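Undergrad: One file is attached below, protein20.cif, containing mmCIF, N, CA and C atoms; chains and numbers go by the auth columns.
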```cif
data_data
loop_
_atom_site.group_PDB
_atom_site.id
_atom_site.type_symbol
_atom_site.label_atom_id
_atom_site.label_comp_id
_atom_site.label_asym_id
_atom_site.label_seq_id
_atom_site.Cartn_x
_atom_site.Cartn_y
_atom_site.Cartn_z
_atom_site.B_iso_or_equiv
_atom_site.auth_seq_id
_atom_site.auth_asym_id
ATOM 1 N N MET A 1 140.333 87.427 126.668 0.00 1 J
ATOM 2 C CA MET A 1 138.996 87.706 127.161 0.00 1 J
ATOM 3 C C MET A 1 138.449 88.996 126.561 0.00 1 J
ATOM 4 N N ASP A 2 139.280 90.026 126.470 0.00 2 J
ATOM 5 C CA ASP A 2 138.843 91.290 125.899 0.00 2 J
ATOM 6 C C ASP A 2 138.515 91.150 124.421 0.00 2 J
ATOM 7 N N LEU A 3 139.290 90.327 123.719 0.00 3 J
ATOM 8 C CA LEU A 3 139.040 90.117 122.291 0.00 3 J
ATOM 9 C C LEU A 3 137.677 89.470 122.084 0.00 3 J
ATOM 10 N N ILE A 4 137.323 88.520 122.921 0.00 4 J
ATOM 11 C CA ILE A 4 136.019 87.855 122.828 0.00 4 J
ATOM 12 C C ILE A 4 134.903 88.855 123.107 0.00 4 J
ATOM 13 N N LYS A 5 135.105 89.705 124.079 0.00 5 J
ATOM 14 C CA LYS A 5 134.100 90.715 124.432 0.00 5 J
ATOM 15 C C LYS A 5 133.904 91.705 123.288 0.00 5 J
ATOM 16 N N ILE A 6 134.995 92.138 122.675 0.00 6 J
ATOM 17 C CA ILE A 6 134.933 93.075 121.548 0.00 6 J
ATOM 18 C C ILE A 6 134.198 92.435 120.367 0.00 6 J
ATOM 19 N N LYS A 7 134.549 91.174 120.083 0.00 7 J
ATOM 20 C CA LYS A 7 133.880 90.472 118.981 0.00 7 J
ATOM 21 C C LYS A 7 132.378 90.339 119.243 0.00 7 J
ATOM 22 N N GLU A 8 132.022 90.039 120.486 0.00 8 J
ATOM 23 C CA GLU A 8 130.613 89.896 120.841 0.00 8 J
ATOM 24 C C GLU A 8 129.887 91.237 120.699 0.00 8 J
ATOM 25 N N GLU A 9 130.518 92.310 121.143 0.00 9 J
ATOM 26 C CA GLU A 9 129.912 93.634 121.003 0.00 9 J
ATOM 27 C C GLU A 9 129.704 93.990 119.530 0.00 9 J
ATOM 28 N N LYS A 10 130.684 93.694 118.696 0.00 10 J
ATOM 29 C CA LYS A 10 130.565 93.983 117.262 0.00 10 J
ATOM 30 C C LYS A 10 129.462 93.146 116.632 0.00 10 J
ATOM 31 N N ARG A 11 129.354 91.892 117.062 0.00 11 J
ATOM 32 C CA ARG A 11 128.307 91.007 116.540 0.00 11 J
ATOM 33 C C ARG A 11 126.927 91.549 116.911 0.00 11 J
ATOM 34 N N VAL A 12 126.770 91.935 118.167 0.00 12 J
ATOM 35 C CA VAL A 12 125.491 92.470 118.631 0.00 12 J
ATOM 36 C C VAL A 12 125.182 93.785 117.919 0.00 12 J
ATOM 37 N N GLN A 13 126.193 94.619 117.754 0.00 13 J
ATOM 38 C CA GLN A 13 126.001 95.898 117.073 0.00 13 J
ATOM 39 C C GLN A 13 125.585 95.679 115.620 0.00 13 J
ATOM 40 N N SER A 14 126.226 94.756 114.935 0.00 14 J
ATOM 41 C CA SER A 14 125.870 94.496 113.537 0.00 14 J
ATOM 42 C C SER A 14 124.465 93.904 113.436 0.00 14 J
ATOM 43 N N GLN A 15 124.090 93.068 114.402 0.00 15 J
ATOM 44 C CA GLN A 15 122.729 92.534 114.411 0.00 15 J
ATOM 45 C C GLN A 15 121.716 93.653 114.628 0.00 15 J
ATOM 46 N N TYR A 16 122.029 94.560 115.547 0.00 16 J
ATOM 47 C CA TYR A 16 121.143 95.681 115.814 0.00 16 J
ATOM 48 C C TYR A 16 120.965 96.540 114.564 0.00 16 J
ATOM 49 N N ILE A 17 122.063 96.832 113.891 0.00 17 J
ATOM 50 C CA ILE A 17 122.008 97.636 112.664 0.00 17 J
ATOM 51 C C ILE A 17 121.165 96.932 111.608 0.00 17 J
ATOM 52 N N ARG A 18 121.363 95.632 111.455 0.00 18 J
ATOM 53 C CA ARG A 18 120.594 94.861 110.469 0.00 18 J
ATOM 54 C C ARG A 18 119.099 94.895 110.794 0.00 18 J
ATOM 55 N N VAL A 19 118.765 94.726 112.081 0.00 19 J
ATOM 56 C CA VAL A 19 117.367 94.740 112.498 0.00 19 J
ATOM 57 C C VAL A 19 116.752 96.121 112.243 0.00 19 J
ATOM 58 N N GLU A 20 117.484 97.174 112.535 0.00 20 J
ATOM 59 C CA GLU A 20 116.986 98.535 112.292 0.00 20 J
ATOM 60 C C GLU A 20 116.792 98.797 110.798 0.00 20 J
ATOM 61 N N GLU A 21 117.702 98.299 109.977 0.00 21 J
ATOM 62 C CA GLU A 21 117.554 98.464 108.523 0.00 21 J
ATOM 63 C C GLU A 21 116.332 97.713 108.009 0.00 21 J
ATOM 64 N N GLU A 22 116.112 96.502 108.528 0.00 22 J
ATOM 65 C CA GLU A 22 114.936 95.731 108.129 0.00 22 J
ATOM 66 C C GLU A 22 113.651 96.438 108.572 0.00 22 J
ATOM 67 N N LYS A 23 113.677 96.989 109.775 0.00 23 J
ATOM 68 C CA LYS A 23 112.524 97.724 110.290 0.00 23 J
ATOM 69 C C LYS A 23 112.233 98.936 109.412 0.00 23 J
ATOM 70 N N SER A 24 113.277 99.636 109.045 0.00 24 J
ATOM 71 C CA SER A 24 113.127 100.804 108.180 0.00 24 J
ATOM 72 C C SER A 24 112.578 100.397 106.810 0.00 24 J
ATOM 73 N N ALA A 25 113.067 99.304 106.281 0.00 25 J
ATOM 74 C CA ALA A 25 112.603 98.815 104.979 0.00 25 J
ATOM 75 C C ALA A 25 111.125 98.414 105.051 0.00 25 J
ATOM 76 N N ARG A 26 110.719 97.784 106.152 0.00 26 J
ATOM 77 C CA ARG A 26 109.302 97.401 106.311 0.00 26 J
ATOM 78 C C ARG A 26 108.416 98.643 106.386 0.00 26 J
ATOM 79 N N LYS A 27 108.878 99.662 107.114 0.00 27 J
ATOM 80 C CA LYS A 27 108.110 100.897 107.204 0.00 27 J
ATOM 81 C C LYS A 27 107.968 101.546 105.831 0.00 27 J
ATOM 82 N N ALA A 28 109.060 101.577 105.081 0.00 28 J
ATOM 83 C CA ALA A 28 109.026 102.173 103.746 0.00 28 J
ATOM 84 C C ALA A 28 108.073 101.397 102.842 0.00 28 J
ATOM 85 N N THR A 29 108.114 100.087 102.923 0.00 29 J
ATOM 86 C CA THR A 29 107.227 99.251 102.111 0.00 29 J
ATOM 87 C C THR A 29 105.773 99.488 102.499 0.00 29 J
ATOM 88 N N LYS A 30 105.520 99.582 103.796 0.00 30 J
ATOM 89 C CA LYS A 30 104.158 99.829 104.273 0.00 30 J
ATOM 90 C C LYS A 30 103.657 101.183 103.774 0.00 30 J
ATOM 91 N N TYR A 31 104.500 102.197 103.868 0.00 31 J
ATOM 92 C CA TYR A 31 104.130 103.532 103.394 0.00 31 J
ATOM 93 C C TYR A 31 103.868 103.511 101.890 0.00 31 J
ATOM 94 N N ASP A 32 104.778 102.881 101.134 0.00 32 J
ATOM 95 C CA ASP A 32 104.611 102.808 99.678 0.00 32 J
ATOM 96 C C ASP A 32 103.326 102.083 99.307 0.00 32 J
ATOM 97 N N THR A 33 103.026 101.008 100.026 0.00 33 J
ATOM 98 C CA THR A 33 101.809 100.246 99.748 0.00 33 J
ATOM 99 C C THR A 33 100.577 101.105 99.985 0.00 33 J
ATOM 100 N N LYS A 34 100.566 101.840 101.099 0.00 34 J
ATOM 101 C CA LYS A 34 99.432 102.726 101.370 0.00 34 J
ATOM 102 C C LYS A 34 99.308 103.785 100.282 0.00 34 J
ATOM 103 N N ASP A 35 100.452 104.343 99.866 0.00 35 J
ATOM 104 C CA ASP A 35 100.448 105.371 98.829 0.00 35 J
ATOM 105 C C ASP A 35 99.913 104.818 97.511 0.00 35 J
ATOM 106 N N TYR A 36 100.365 103.623 97.130 0.00 36 J
ATOM 107 C CA TYR A 36 99.887 103.018 95.889 0.00 36 J
ATOM 108 C C TYR A 36 98.384 102.738 95.955 0.00 36 J
ATOM 109 N N LYS A 37 97.902 102.286 97.115 0.00 37 J
ATOM 110 C CA LYS A 37 96.474 102.015 97.260 0.00 37 J
ATOM 111 C C LYS A 37 95.670 103.309 97.130 0.00 37 J
ATOM 112 N N LYS A 38 96.173 104.396 97.729 0.00 38 J
ATOM 113 C CA LYS A 38 95.491 105.686 97.614 0.00 38 J
ATOM 114 C C LYS A 38 95.465 106.151 96.163 0.00 38 J
ATOM 115 N N ARG A 39 96.589 105.982 95.471 0.00 39 J
ATOM 116 C CA ARG A 39 96.642 106.384 94.059 0.00 39 J
ATOM 117 C C ARG A 39 95.667 105.565 93.223 0.00 39 J
ATOM 118 N N ALA A 40 95.626 104.262 93.486 0.00 40 J
ATOM 119 C CA ALA A 40 94.714 103.394 92.731 0.00 40 J
ATOM 120 C C ALA A 40 93.266 103.795 92.973 0.00 40 J
ATOM 121 N N ALA A 41 92.926 104.075 94.229 0.00 41 J
ATOM 122 C CA ALA A 41 91.553 104.495 94.542 0.00 41 J
ATOM 123 C C ALA A 41 91.228 105.810 93.846 0.00 41 J
ATOM 124 N N SER A 42 92.166 106.725 93.856 0.00 42 J
ATOM 125 C CA SER A 42 91.952 108.017 93.202 0.00 42 J
ATOM 126 C C SER A 42 91.762 107.843 91.702 0.00 42 J
ATOM 127 N N LEU A 43 92.572 106.999 91.100 0.00 43 J
ATOM 128 C CA LEU A 43 92.439 106.751 89.661 0.00 43 J
ATOM 129 C C LEU A 43 91.103 106.090 89.329 0.00 43 J
ATOM 130 N N ARG A 44 90.659 105.168 90.198 0.00 44 J
ATOM 131 C CA ARG A 44 89.350 104.533 89.977 0.00 44 J
ATOM 132 C C ARG A 44 88.244 105.579 90.033 0.00 44 J
ATOM 133 N N GLU A 45 88.328 106.482 91.013 0.00 45 J
ATOM 134 C CA GLU A 45 87.320 107.535 91.136 0.00 45 J
ATOM 135 C C GLU A 45 87.330 108.433 89.906 0.00 45 J
ATOM 136 N N GLN A 46 88.515 108.794 89.438 0.00 46 J
ATOM 137 C CA GLN A 46 88.617 109.626 88.248 0.00 46 J
ATOM 138 C C GLN A 46 88.038 108.911 87.041 0.00 46 J
ATOM 139 N N PHE A 47 88.286 107.619 86.928 0.00 47 J
ATOM 140 C CA PHE A 47 87.770 106.837 85.813 0.00 47 J
ATOM 141 C C PHE A 47 86.249 106.828 85.831 0.00 47 J
ATOM 142 N N VAL A 48 85.672 106.638 87.011 0.00 48 J
ATOM 143 C CA VAL A 48 84.216 106.607 87.120 0.00 48 J
ATOM 144 C C VAL A 48 83.630 107.954 86.701 0.00 48 J
ATOM 145 N N VAL A 49 84.257 109.029 87.153 0.00 49 J
ATOM 146 C CA VAL A 49 83.770 110.362 86.785 0.00 49 J
ATOM 147 C C VAL A 49 83.848 110.557 85.277 0.00 49 J
ATOM 148 N N VAL A 50 84.972 110.210 84.687 0.00 50 J
ATOM 149 C CA VAL A 50 85.146 110.371 83.241 0.00 50 J
ATOM 150 C C VAL A 50 84.186 109.460 82.487 0.00 50 J
ATOM 151 N N GLN A 51 84.005 108.265 83.008 0.00 51 J
ATOM 152 C CA GLN A 51 83.132 107.298 82.354 0.00 51 J
ATOM 153 C C GLN A 51 81.686 107.803 82.303 0.00 51 J
ATOM 154 N N PHE A 52 81.236 108.404 83.394 0.00 52 J
ATOM 155 C CA PHE A 52 79.841 108.829 83.472 0.00 52 J
ATOM 156 C C PHE A 52 79.650 110.314 83.167 0.00 52 J
ATOM 157 N N GLU A 53 80.704 111.017 82.851 0.00 53 J
ATOM 158 C CA GLU A 53 80.604 112.450 82.586 0.00 53 J
ATOM 159 C C GLU A 53 79.643 112.778 81.445 0.00 53 J
ATOM 160 N N PRO A 54 79.681 112.057 80.329 0.00 54 J
ATOM 161 C CA PRO A 54 78.722 112.369 79.249 0.00 54 J
ATOM 162 C C PRO A 54 77.269 112.206 79.704 0.00 54 J
ATOM 163 N N GLU A 55 77.008 111.191 80.508 0.00 55 J
ATOM 164 C CA GLU A 55 75.648 110.986 81.001 0.00 55 J
ATOM 165 C C GLU A 55 75.239 112.114 81.940 0.00 55 J
ATOM 166 N N ILE A 56 76.161 112.547 82.780 0.00 56 J
ATOM 167 C CA ILE A 56 75.885 113.644 83.706 0.00 56 J
ATOM 168 C C ILE A 56 75.622 114.921 82.925 0.00 56 J
ATOM 169 N N GLN A 57 76.450 115.189 81.933 0.00 57 J
ATOM 170 C CA GLN A 57 76.264 116.389 81.113 0.00 57 J
ATOM 171 C C GLN A 57 74.935 116.348 80.360 0.00 57 J
ATOM 172 N N GLU A 58 74.573 115.184 79.879 0.00 58 J
ATOM 173 C CA GLU A 58 73.308 115.044 79.171 0.00 58 J
ATOM 174 C C GLU A 58 72.130 115.329 80.102 0.00 58 J
ATOM 175 N N GLU A 59 72.214 114.831 81.324 0.00 59 J
ATOM 176 C CA GLU A 59 71.153 115.081 82.304 0.00 59 J
ATOM 177 C C GLU A 59 71.076 116.563 82.644 0.00 59 J
ATOM 178 N N GLU A 60 72.222 117.200 82.825 0.00 60 J
ATOM 179 C CA GLU A 60 72.239 118.639 83.101 0.00 60 J
ATOM 180 C C GLU A 60 71.649 119.424 81.925 0.00 60 J
ATOM 181 N N GLN A 61 71.975 118.978 80.713 0.00 61 J
ATOM 182 C CA GLN A 61 71.457 119.647 79.526 0.00 61 J
ATOM 183 C C GLN A 61 69.933 119.520 79.469 0.00 61 J
ATOM 184 N N LYS A 62 69.412 118.364 79.816 0.00 62 J
ATOM 185 C CA LYS A 62 67.958 118.172 79.829 0.00 62 J
ATOM 186 C C LYS A 62 67.299 119.103 80.843 0.00 62 J
ATOM 187 N N GLN A 63 67.916 119.218 82.030 0.00 63 J
ATOM 188 C CA GLN A 63 67.366 120.098 83.055 0.00 63 J
ATOM 189 C C GLN A 63 67.393 121.550 82.599 0.00 63 J
ATOM 190 N N LEU A 64 68.501 121.956 82.001 0.00 64 J
ATOM 191 C CA LEU A 64 68.597 123.340 81.523 0.00 64 J
ATOM 192 C C LEU A 64 67.600 123.610 80.402 0.00 64 J
ATOM 193 N N ARG A 65 67.427 122.640 79.522 0.00 65 J
ATOM 194 C CA ARG A 65 66.455 122.784 78.441 0.00 65 J
ATOM 195 C C ARG A 65 65.055 122.961 79.013 0.00 65 J
ATOM 196 N N GLY A 66 64.741 122.155 80.029 0.00 66 J
ATOM 197 C CA GLY A 66 63.433 122.264 80.676 0.00 66 J
ATOM 198 C C GLY A 66 63.243 123.627 81.313 0.00 66 J
ATOM 199 N N GLN A 67 64.269 124.104 82.005 0.00 67 J
ATOM 200 C CA GLN A 67 64.188 125.433 82.615 0.00 67 J
ATOM 201 C C GLN A 67 64.041 126.518 81.555 0.00 67 J
ATOM 202 N N TYR A 68 64.753 126.371 80.462 0.00 68 J
ATOM 203 C CA TYR A 68 64.679 127.349 79.370 0.00 68 J
ATOM 204 C C TYR A 68 63.259 127.443 78.825 0.00 68 J
ATOM 205 N N PHE A 69 62.636 126.292 78.568 0.00 69 J
ATOM 206 C CA PHE A 69 61.283 126.298 78.025 0.00 69 J
ATOM 207 C C PHE A 69 60.270 126.814 79.038 0.00 69 J
ATOM 208 N N GLU A 70 60.512 126.540 80.326 0.00 70 J
ATOM 209 C CA GLU A 70 59.619 127.086 81.362 0.00 70 J
ATOM 210 C C GLU A 70 59.673 128.617 81.367 0.00 70 J
ATOM 211 N N ILE A 71 60.874 129.147 81.297 0.00 71 J
ATOM 212 C CA ILE A 71 61.057 130.599 81.285 0.00 71 J
ATOM 213 C C ILE A 71 60.437 131.186 80.024 0.00 71 J
ATOM 214 N N LYS A 72 60.657 130.512 78.910 0.00 72 J
ATOM 215 C CA LYS A 72 60.112 130.974 77.635 0.00 72 J
ATOM 216 C C LYS A 72 58.595 130.997 77.675 0.00 72 J
ATOM 217 N N GLU A 73 57.988 129.968 78.265 0.00 73 J
ATOM 218 C CA GLU A 73 56.529 129.921 78.340 0.00 73 J
ATOM 219 C C GLU A 73 55.992 131.009 79.264 0.00 73 J
ATOM 220 N N GLU A 74 56.723 131.332 80.340 0.00 74 J
ATOM 221 C CA GLU A 74 56.279 132.369 81.255 0.00 74 J
ATOM 222 C C GLU A 74 56.282 133.743 80.572 0.00 74 J
ATOM 223 N N LYS A 75 57.207 133.951 79.673 0.00 75 J
ATOM 224 C CA LYS A 75 57.309 135.236 78.985 0.00 75 J
ATOM 225 C C LYS A 75 56.207 135.407 77.936 0.00 75 J
ATOM 226 N N THR A 76 55.680 134.302 77.419 0.00 76 J
ATOM 227 C CA THR A 76 54.653 134.415 76.377 0.00 76 J
ATOM 228 C C THR A 76 53.264 134.362 76.957 0.00 76 J
#
```
Written as structure tokens, how would this file's structure read?

TA:
Amino acid sequence: MDLIKIKEEKRVQSQYIRVEEEKSARKATKYDTKDYKKRAASLREQFVVVQFEPEIQEEEQKQLRGQYFEIKEEKT
């Protein structure tokens, strides 16, 4: 009777350990997935900035040129 009880306890303990390991693995996968999604979003944002940076710089240059000529005209 004691041998059966010991075997049952070991079986339950091993099942518990397996379930906890699976739970831990799911948590790790969930965390990794969130991290990868954040990285992908960040990379997309960086790509958009780099993609449109020349256009932004050109617009800033136009504004500065306009301000420069306004100042120049005020001085003359």

Undergrad: Hey, can you check how far atom N of Glu73 in chain J sits from atom C of Gln61 in chain J?

TA: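 A separation of 15.9 Å between them.
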
Undergrad: Interatomic distance between CA of Arg44 in chain J and CA of Thr29 in chain J?

TA: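 These atoms are spaced 22.2 Å apart.
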
Undergrad: Assuming 3 Å of padding per side, give the centre and edge lengths of the axis-aligned box around every listed atom of range 56-63 of chain J, in Å to one decimal and as JSON.

TA:
```
{"center_x": 71.9, "center_y": 117.0, "center_z": 81.4, "size_x": 15.2, "size_y": 15.0, "size_z": 10.5}
```

Undergrad: For CA of Lys38 in chain J and atom N of Val50 in chain J, determine how far apart the two atoms are, in Å to one decimal place.

TA: 17.3 Å
